[in-house]
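structure33.cif (mmCIF, C-alpha atoms) appears below.
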data_structure
#
loop_
_atom_site.label_atom_id
_atom_site.label_comp_id
_atom_site.auth_asym_id
_atom_site.auth_seq_id
_atom_site.Cartn_x
_atom_site.Cartn_y
_atom_site.Cartn_z
CA MET A 14 17.09 80.62 10.13
CA ALA A 15 13.35 80.84 10.67
CA SER A 16 12.42 77.18 10.84
CA GLY A 17 9.15 77.60 12.74
CA ARG A 18 9.89 74.64 15.00
CA ARG A 19 9.03 75.00 18.68
CA PHE A 20 10.42 71.91 20.29
CA GLN A 21 13.69 70.54 21.62
CA PRO A 22 15.29 68.19 19.06
CA ALA A 23 14.99 64.54 19.98
CA ILE A 24 18.73 64.07 19.56
CA ASP A 25 19.32 66.29 22.62
CA ARG A 26 16.89 64.43 24.86
CA PRO A 27 17.83 61.45 27.04
CA MET A 28 16.97 58.02 25.69
CA THR A 29 13.70 56.70 27.10
CA ARG A 30 11.93 53.36 26.87
CA ASN A 31 9.60 54.76 24.24
CA HIS A 32 12.54 55.88 22.12
CA LEU A 33 14.05 52.40 22.42
CA VAL A 34 10.80 50.74 21.36
CA LEU A 35 10.54 53.12 18.42
CA ALA A 36 14.14 52.40 17.39
CA LEU A 37 13.50 48.65 17.53
CA SER A 38 10.30 49.08 15.50
CA LEU A 39 12.17 51.00 12.81
CA ALA A 40 14.93 48.37 12.81
CA GLY A 41 12.25 45.73 12.29
CA LEU A 42 10.80 47.72 9.40
CA ILE A 43 14.23 47.94 7.77
CA LEU A 44 14.74 44.20 8.22
CA LEU A 45 11.35 43.42 6.66
CA ASN A 46 12.20 45.62 3.68
CA ALA A 47 15.50 43.80 3.21
CA LEU A 48 13.85 40.38 3.44
CA ALA A 49 11.17 41.46 0.95
CA ASN A 50 13.88 42.56 -1.49
CA VAL A 51 15.74 39.26 -1.22
CA ALA A 52 12.54 37.19 -1.61
CA LEU A 53 11.25 39.13 -4.63
CA ILE A 54 14.61 39.22 -6.43
CA TRP A 55 15.13 35.51 -5.78
CA LEU A 56 11.64 34.78 -7.13
CA MET A 57 12.37 36.86 -10.22
CA GLU A 58 15.66 35.01 -10.84
CA GLU A 59 14.33 31.52 -10.16
CA HIS A 60 10.78 31.31 -11.44
CA LEU A 61 9.64 34.45 -13.23
CA VAL A 62 12.51 35.32 -15.56
CA GLY A 63 11.32 37.51 -18.41
CA ASN A 64 7.97 38.37 -16.84
CA GLN A 65 7.61 42.03 -17.83
CA TRP A 66 5.22 43.00 -15.06
CA PHE A 67 6.73 41.06 -12.18
CA ASN A 68 10.33 42.02 -13.00
CA GLN A 69 9.45 45.63 -12.27
CA LEU A 70 8.05 44.75 -8.82
CA PRO A 71 11.32 44.00 -6.98
CA ILE A 72 13.10 46.84 -8.79
CA GLY A 73 10.39 49.37 -7.96
CA ILE A 74 10.11 48.33 -4.32
CA LEU A 75 13.89 48.39 -3.80
CA VAL A 76 14.31 51.80 -5.45
CA SER A 77 11.35 53.18 -3.46
CA GLN A 78 13.23 52.32 -0.26
CA VAL A 79 16.34 54.13 -1.48
CA VAL A 80 14.45 57.27 -2.51
CA LEU A 81 12.49 57.17 0.77
CA ALA A 82 15.84 57.27 2.59
CA GLY A 83 16.69 60.36 0.54
CA LEU A 84 13.41 62.03 1.45
CA TRP A 85 14.00 61.29 5.12
CA LEU A 86 17.55 62.67 4.82
CA GLY A 87 16.14 65.95 3.57
CA LEU A 88 13.00 66.17 5.72
CA GLY A 89 13.68 64.18 8.87
CA ASP A 90 14.52 64.91 12.51
CA GLY A 91 17.88 64.85 14.23
CA ARG A 92 21.35 65.93 13.23
CA TRP A 93 21.90 66.09 9.49
CA LEU A 94 25.27 64.29 9.52
CA ALA A 95 23.80 61.38 11.48
CA ARG A 96 20.94 61.14 8.99
CA LEU A 97 23.44 61.24 6.12
CA VAL A 98 25.46 58.30 7.47
CA PHE A 99 22.30 56.30 8.12
CA ALA A 100 20.79 57.06 4.69
CA VAL A 101 24.01 55.97 2.93
CA ALA A 102 24.05 52.77 5.03
CA LEU A 103 20.44 52.04 4.00
CA SER A 104 21.35 52.50 0.33
CA MET A 105 24.26 50.08 0.68
CA LEU A 106 22.00 47.59 2.46
CA ALA A 107 19.50 47.76 -0.41
CA ALA A 108 22.30 47.04 -2.88
CA LYS A 109 23.55 44.14 -0.76
CA THR A 110 20.13 42.48 -0.82
CA ILE A 111 20.60 42.01 -4.57
CA GLY A 112 23.83 40.12 -3.90
CA TRP A 113 22.18 37.97 -1.23
CA ALA A 114 19.31 37.08 -3.55
CA THR A 115 21.78 36.22 -6.33
CA ALA A 116 23.75 33.98 -3.95
CA LEU A 117 20.55 32.11 -3.05
CA SER A 118 19.51 31.68 -6.69
CA GLY A 119 20.68 28.43 -8.24
CA THR A 120 19.96 29.82 -11.69
CA ALA A 121 22.20 32.83 -11.11
CA ARG A 122 25.00 30.62 -9.77
CA ARG A 123 24.84 28.30 -12.79
CA GLN A 124 25.03 31.30 -15.09
CA GLY A 125 28.06 32.58 -13.22
CA THR A 126 26.39 35.89 -12.38
CA ASP A 127 28.74 38.23 -10.54
CA ASP A 128 27.71 40.26 -7.51
CA PRO A 129 27.88 43.91 -8.69
CA TRP A 130 27.44 45.10 -5.11
CA ALA A 131 29.92 47.98 -5.23
CA MET A 132 28.66 49.44 -8.49
CA ILE A 133 24.99 49.20 -7.50
CA SER A 134 25.78 50.69 -4.09
CA PHE A 135 27.26 53.82 -5.59
CA MET A 136 24.36 54.15 -8.01
CA LEU A 137 21.88 53.96 -5.14
CA ILE A 138 23.93 56.37 -3.01
CA ALA A 139 23.88 58.88 -5.87
CA MET A 140 20.09 58.47 -6.10
CA THR A 141 19.68 58.94 -2.33
CA LEU A 142 21.77 62.10 -2.22
CA THR A 143 20.12 63.58 -5.30
CA THR A 144 16.67 62.95 -3.82
CA SER A 145 17.74 64.58 -0.56
CA LEU A 146 18.42 67.80 -2.48
CA PHE A 147 14.81 67.93 -3.70
CA ALA A 148 13.63 67.21 -0.17
CA SER A 149 15.90 69.90 1.24
CA LEU A 150 14.34 72.44 -1.11
CA LEU A 151 10.89 71.46 0.16
CA ARG A 152 12.16 71.81 3.71
CA ARG A 153 13.70 75.24 3.11
CA LEU A 154 11.13 76.72 0.72
CA ARG A 155 7.94 75.14 2.05
CA SER A 156 8.99 74.06 5.57
CA TRP A 157 8.03 70.41 5.11
CA ARG A 158 9.02 68.07 7.96
CA LEU A 159 8.89 64.35 8.61
CA THR A 160 8.93 64.31 12.38
CA TRP A 161 7.99 62.46 15.53
CA GLU A 162 7.85 65.69 17.51
CA GLU A 163 4.94 67.96 18.32
CA VAL A 164 5.17 70.84 15.86
CA THR A 165 2.85 73.80 15.54
CA SER A 166 1.92 75.18 12.14
CA VAL A 167 5.06 76.36 10.33
CA PRO A 168 5.24 79.23 7.83
CA ALA A 169 6.87 78.77 4.45
CA THR A 170 10.08 80.72 3.96
CA ARG A 171 11.92 81.74 0.83
CA GLN A 172 15.10 83.02 2.44
CA PHE A 173 18.41 81.29 1.84
CA GLN A 174 21.54 81.63 3.92
CA ILE A 175 25.16 80.72 3.30
CA VAL A 176 24.77 77.73 5.59
CA ASP A 177 22.15 76.31 3.21
CA ALA A 178 24.57 76.42 0.29
CA LEU A 179 27.32 74.83 2.38
CA LEU A 180 24.98 72.11 3.58
CA TRP A 181 23.75 71.31 0.08
CA MET A 182 27.30 71.08 -1.23
CA MET A 183 27.82 67.88 0.74
CA PRO A 184 25.17 65.74 -1.01
CA ILE A 185 26.08 67.34 -4.35
CA CYS A 186 29.74 66.45 -3.88
CA GLY A 187 28.81 62.99 -2.63
CA ALA A 188 26.60 62.30 -5.64
CA LEU A 189 29.29 63.56 -8.03
CA ALA A 190 31.93 61.43 -6.28
CA ALA A 191 29.71 58.35 -6.62
CA ILE A 192 29.19 59.07 -10.33
CA ARG A 193 32.93 59.61 -10.79
CA PHE A 194 33.64 56.25 -9.17
CA LEU A 195 31.11 54.53 -11.44
CA THR A 196 32.71 56.16 -14.46
CA SER A 197 36.08 54.75 -13.41
CA LEU A 198 34.55 51.26 -13.31
CA ASP A 199 32.63 51.51 -16.55
CA ASN A 200 33.69 53.82 -19.39
CA ASN A 201 30.19 53.60 -20.86
CA PHE A 202 28.51 54.82 -17.68
CA PRO A 203 28.41 58.53 -18.71
CA GLN A 204 26.06 57.50 -21.52
CA GLN A 205 23.68 56.12 -18.88
CA LEU A 206 23.55 59.27 -16.73
CA TRP A 207 20.43 60.56 -18.48
CA ASP A 208 18.64 57.27 -17.80
CA LEU A 209 19.74 57.34 -14.15
CA ALA A 210 18.53 60.93 -13.80
CA LEU A 211 15.11 60.07 -15.25
CA PHE A 212 14.98 56.96 -13.06
CA THR A 213 15.56 59.08 -9.96
CA LEU A 214 13.16 61.79 -11.11
CA ARG A 215 10.20 59.50 -11.72
CA THR A 216 10.70 57.61 -8.44
CA THR A 217 10.96 60.85 -6.47
CA ALA A 218 7.88 62.30 -8.17
CA ILE A 219 5.82 59.19 -7.41
CA LEU A 220 6.94 59.03 -3.77
CA LEU A 221 6.18 62.70 -3.17
CA VAL A 222 2.61 62.10 -4.36
CA VAL A 223 2.38 58.98 -2.18
CA LEU A 224 3.87 60.86 0.79
CA VAL A 225 1.17 63.52 0.72
CA ALA A 226 -1.56 60.90 0.29
CA ALA A 227 -0.27 58.61 3.05
CA PHE A 228 -0.16 61.42 5.62
CA ALA A 229 -3.44 63.05 4.59
CA SER A 230 -5.67 64.00 7.50
CA ARG A 231 -8.58 62.06 6.01
CA TRP A 232 -8.67 59.13 3.63
CA HIS A 233 -11.47 58.63 1.15
CA VAL A 234 -12.17 56.79 -2.10
CA LYS A 235 -11.76 59.90 -4.23
CA GLY A 236 -8.28 60.49 -2.81
CA ALA A 237 -7.27 56.89 -3.50
CA ILE A 238 -8.47 57.18 -7.10
CA LEU A 239 -6.61 60.46 -7.58
CA LEU A 240 -3.44 58.88 -6.15
CA ILE A 241 -3.61 55.97 -8.58
CA LEU A 242 -4.33 58.25 -11.54
CA ALA A 243 -1.45 60.57 -10.61
CA VAL A 244 0.98 57.65 -10.34
CA LEU A 245 -0.17 56.19 -13.67
CA LEU A 246 0.12 59.60 -15.31
CA ILE A 247 3.69 60.01 -14.06
CA GLY A 248 4.57 56.54 -15.34
CA ALA A 249 3.08 57.24 -18.78
CA ALA A 250 4.71 60.67 -19.07
CA LEU A 251 8.16 59.38 -18.20
CA SER A 252 7.88 56.55 -20.73
CA VAL A 253 7.88 59.11 -23.56
CA PRO A 254 11.71 59.55 -23.71
CA ASP A 255 12.21 55.78 -24.03
CA ILE A 256 9.53 55.56 -26.71
CA ILE A 257 11.15 58.37 -28.69
CA ARG A 258 14.57 56.73 -28.36
CA ASP A 259 13.24 53.38 -29.57
CA PHE A 260 11.45 54.99 -32.48
CA TYR A 261 14.59 56.86 -33.47
CA ARG A 262 16.69 53.70 -33.29
CA LEU A 263 14.26 51.82 -35.54
CA GLY A 264 14.19 54.59 -38.12
CA PHE A 265 10.75 56.04 -37.50
CA GLY A 266 9.73 58.30 -40.39
CA THR A 267 12.25 56.80 -42.83
CA GLN A 268 11.74 54.40 -45.72
CA ASN A 269 13.21 51.51 -43.70
CA ALA A 270 10.95 52.09 -40.70
CA GLY A 271 8.81 49.01 -41.24
CA PRO A 272 5.11 48.53 -40.52
CA PRO A 273 3.39 50.98 -38.13
CA GLY A 274 2.17 48.08 -36.00
CA ARG A 275 5.71 47.46 -34.79
CA PHE A 276 5.96 50.98 -33.38
CA VAL A 277 2.58 50.59 -31.69
CA GLN A 278 3.83 47.40 -30.02
CA ILE A 279 6.99 49.15 -28.87
CA ALA A 280 5.01 52.05 -27.41
CA ILE A 281 2.68 49.68 -25.57
CA TYR A 282 5.63 47.70 -24.22
CA GLU A 283 7.41 50.81 -22.90
CA VAL A 284 4.26 52.26 -21.32
CA THR A 285 3.42 48.93 -19.71
CA GLU A 286 6.92 48.57 -18.26
CA HIS A 287 6.93 52.10 -16.85
CA GLU A 288 3.45 51.70 -15.41
CA ALA A 289 4.43 48.45 -13.70
CA PHE A 290 7.44 50.19 -12.16
CA ALA A 291 5.31 53.15 -11.06
CA VAL A 292 2.77 50.87 -9.37
CA ALA A 293 5.59 48.96 -7.61
CA VAL A 294 7.08 52.21 -6.30
CA MET A 295 3.65 53.33 -5.13
CA LEU A 296 3.04 50.07 -3.25
CA GLY A 297 6.47 50.05 -1.65
CA GLY A 298 6.33 53.70 -0.65
CA LEU A 299 2.74 53.59 0.58
CA THR A 300 3.42 50.56 2.76
CA ASN A 301 6.44 52.15 4.43
CA PHE A 302 4.77 55.54 4.88
CA LEU A 303 1.70 53.99 6.50
CA VAL A 304 3.87 52.00 8.90
CA LEU A 305 5.76 55.18 9.79
CA ARG A 306 2.46 56.95 10.38
CA ILE A 307 1.28 54.17 12.69
CA LEU A 308 4.56 54.54 14.61
CA GLY A 309 3.77 58.21 15.15
CA CYS A 310 5.61 59.93 12.29
CA LYS A 311 3.91 63.07 10.95
CA LEU A 312 4.23 65.14 7.80
CA ILE A 313 4.14 68.82 8.73
CA ARG A 314 3.50 71.44 6.04
CA PRO A 315 2.60 75.14 6.06
CA GLY A 316 -1.05 75.65 6.94
CA THR A 317 -1.22 72.50 9.03
CA ALA A 318 -2.75 73.87 12.20
CA GLN A 319 -2.09 70.76 14.26
CA PRO A 320 -0.09 67.61 13.66
CA ILE A 321 -2.07 64.64 12.41
CA PRO A 322 -3.32 62.75 15.49
CA PRO A 323 -1.44 59.50 15.90
CA SER A 324 -2.96 56.06 15.85
CA PRO A 325 -3.88 54.49 19.21
CA ALA A 326 -1.04 52.03 18.63
CA VAL A 327 1.55 54.80 18.45
CA VAL A 328 4.56 54.59 20.70
CA ARG A 329 4.57 57.71 22.83
#
Can the structure in the file be given as structure tokens, please?
Amino acid sequence: MASGRRFQPAIDRPMTRNHLVLALSLAGLILLNALANVALIWLMEEHLVGNQWFNQLPIGILVSQVVLAGLWLGLGDGRWLARLVFAVALSMLAAKTIGWATALSGTARRQGTDDPWAMISFMLIAMTLTTSLFASLLRRLRSWRLTWEEVTSVPATRQFQIVDALLWMMPICGALAAIRFLTSLDNNFPQQLWDLALFTLRTTAILLVVLVAAFASRWHVKGAILLILAVLLIGAALSVPDIIRDFYRLGFGTQNAGPPGRFVQIAIYEVTEHEAFAVAVMLGGLTNFLVLRILGCKLIRPGTAQPIPPSPAVVR
């Protein structure tokens, strides 16, 4: 396999003080993400129930963390099986934060809200593994890497080997197993698979755009504007299936359709909700990517002559 990497994997090197500091920094980042999830979900349950814009903020930030774990699983350093275990654990942690926030919410307790931890965990695991497949294609076809190592410019390759197919079978089987488990819990879940697929697709698309922007060699106003426009465009485009479904349910084009103003309101509502989610994913992903960049992580792509120089505060 022509990977183009010219360094010894970090997993084979002895642990140093710098590695320990980096590990503790990443653990702190994970903890901050979990606390942010709990705080935002608790705030949504306690004080901002029904707020269309704010309700998308905790959902978007939580899902961005799950999809980021999938991207790291497909693009990151170290042994793949170790990354797989860690990515699944992060997905389960994200699901558990919903249960913790519900336990802290007096409103949720009075309503007798159950903790759907197991079901949400398997949904998030399926999203993580599906995202890792997209990332693996980028790694194999375009030689993308999220790495802390010094990497020279890598050429893109279009060659597949049997080992690639065997490796990709694991996340595929894992995602299918998670979906099968969810189907056993809820007979109506197969009807929601299309929605889950679109949910994963739009989050992955947004985070890929944010990933490239966050690790750009130079930041400027034009790039920031293009990032925002791209995210808003993705949000608007992926609201179309929901708009069509709502129109169909309300009899659009039939004699019983009702006034056109109602359909305009529905379209505005759907676009607004999707845009709020897209912005939340962008904020959550951009924050985490920038922290990773400060800690010395680099995005390597074909044509990158040298890795992006780290910040002075980078742990070396």
Task: Which residue of A:Thr285, A:Ser156, A:Ser118, A:Asn50 approaches Asp255 (chain A) most closely, using only C-alpha atoms - done: A:Thr285
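With CA of Val223 (chain A) on one side and CA of Gly83 (chain A) on the other, the separation reads 14.6 Å.
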Task: Picked residues, the PyMOL selection byres ((chain A and resi 139) around 10), expected as a list of chain:residue names - done: A:Val79, A:Gly83, A:Val101, A:Ser104, A:Ile133, A:Ser134, A:Phe135, A:Met136, A:Leu137, A:Ile138, A:Met140, A:Thr141, A:Leu142, A:Thr143, A:Thr144, A:Ser145, A:Pro184, A:Ile185, A:Cys186, A:Gly187, A:Ala188, A:Leu189, A:Ala190, A:Ala191, A:Ile192, A:Leu209, A:Ala210, A:Thr213
TODO: Specify as a ChimeraX atom specification each residue included when the PyMOL selection byres ((chain A and resi 45) around 12) is applied to this file.
DONE: /A:38-44,46-52,75,78,107,110,297,300-301,304
- [ ] Work out how far CA of Val294 (chain A) is from CA of Leu70 (chain A), in Å to one decimal.
- [x] 7.9 Å
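The interatomic distance for the pair CA of Gly298 (chain A) and CA of Leu154 (chain A) works out to 23.6 Å.
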Open item on the list: Residues within 6 Å of Trp157 (chain A), please, as a PyMOL selection string. Count only C-alpha atoms; anything in the same chain fewer than 2 positions from it doesn't count.
Closed with: chain A and resi 151-152+155+313-314
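Shortest atom-to-atom contact with Trp113 (chain A) among A:Leu53, A:Leu84, A:Asp208, A:Ala100: A:Leu53, counting all atoms listed in the file.
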- [ ] Show which residues sit within 10 Å of Phe228 (chain A), as a ChimeraX atom specification. Count only C-alpha atoms, and ignore same-chain residues fewer than 3 positions away.
- [x] /A:159,223-225,231-232,299,302-303,305-306,310-313,321
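Distances from A:Val80, A:Leu239, A:Met57, A:Leu103 to Thr115 (chain A) were compared using only C-alpha atoms, and the smallest one belongs to A:Met57.
Checking A:Ala243, A:Leu198, A:Val234, A:Leu56 one by one against Asn68 (chain A), counting only C-alpha atoms, you find the shortest gap at A:Leu56.
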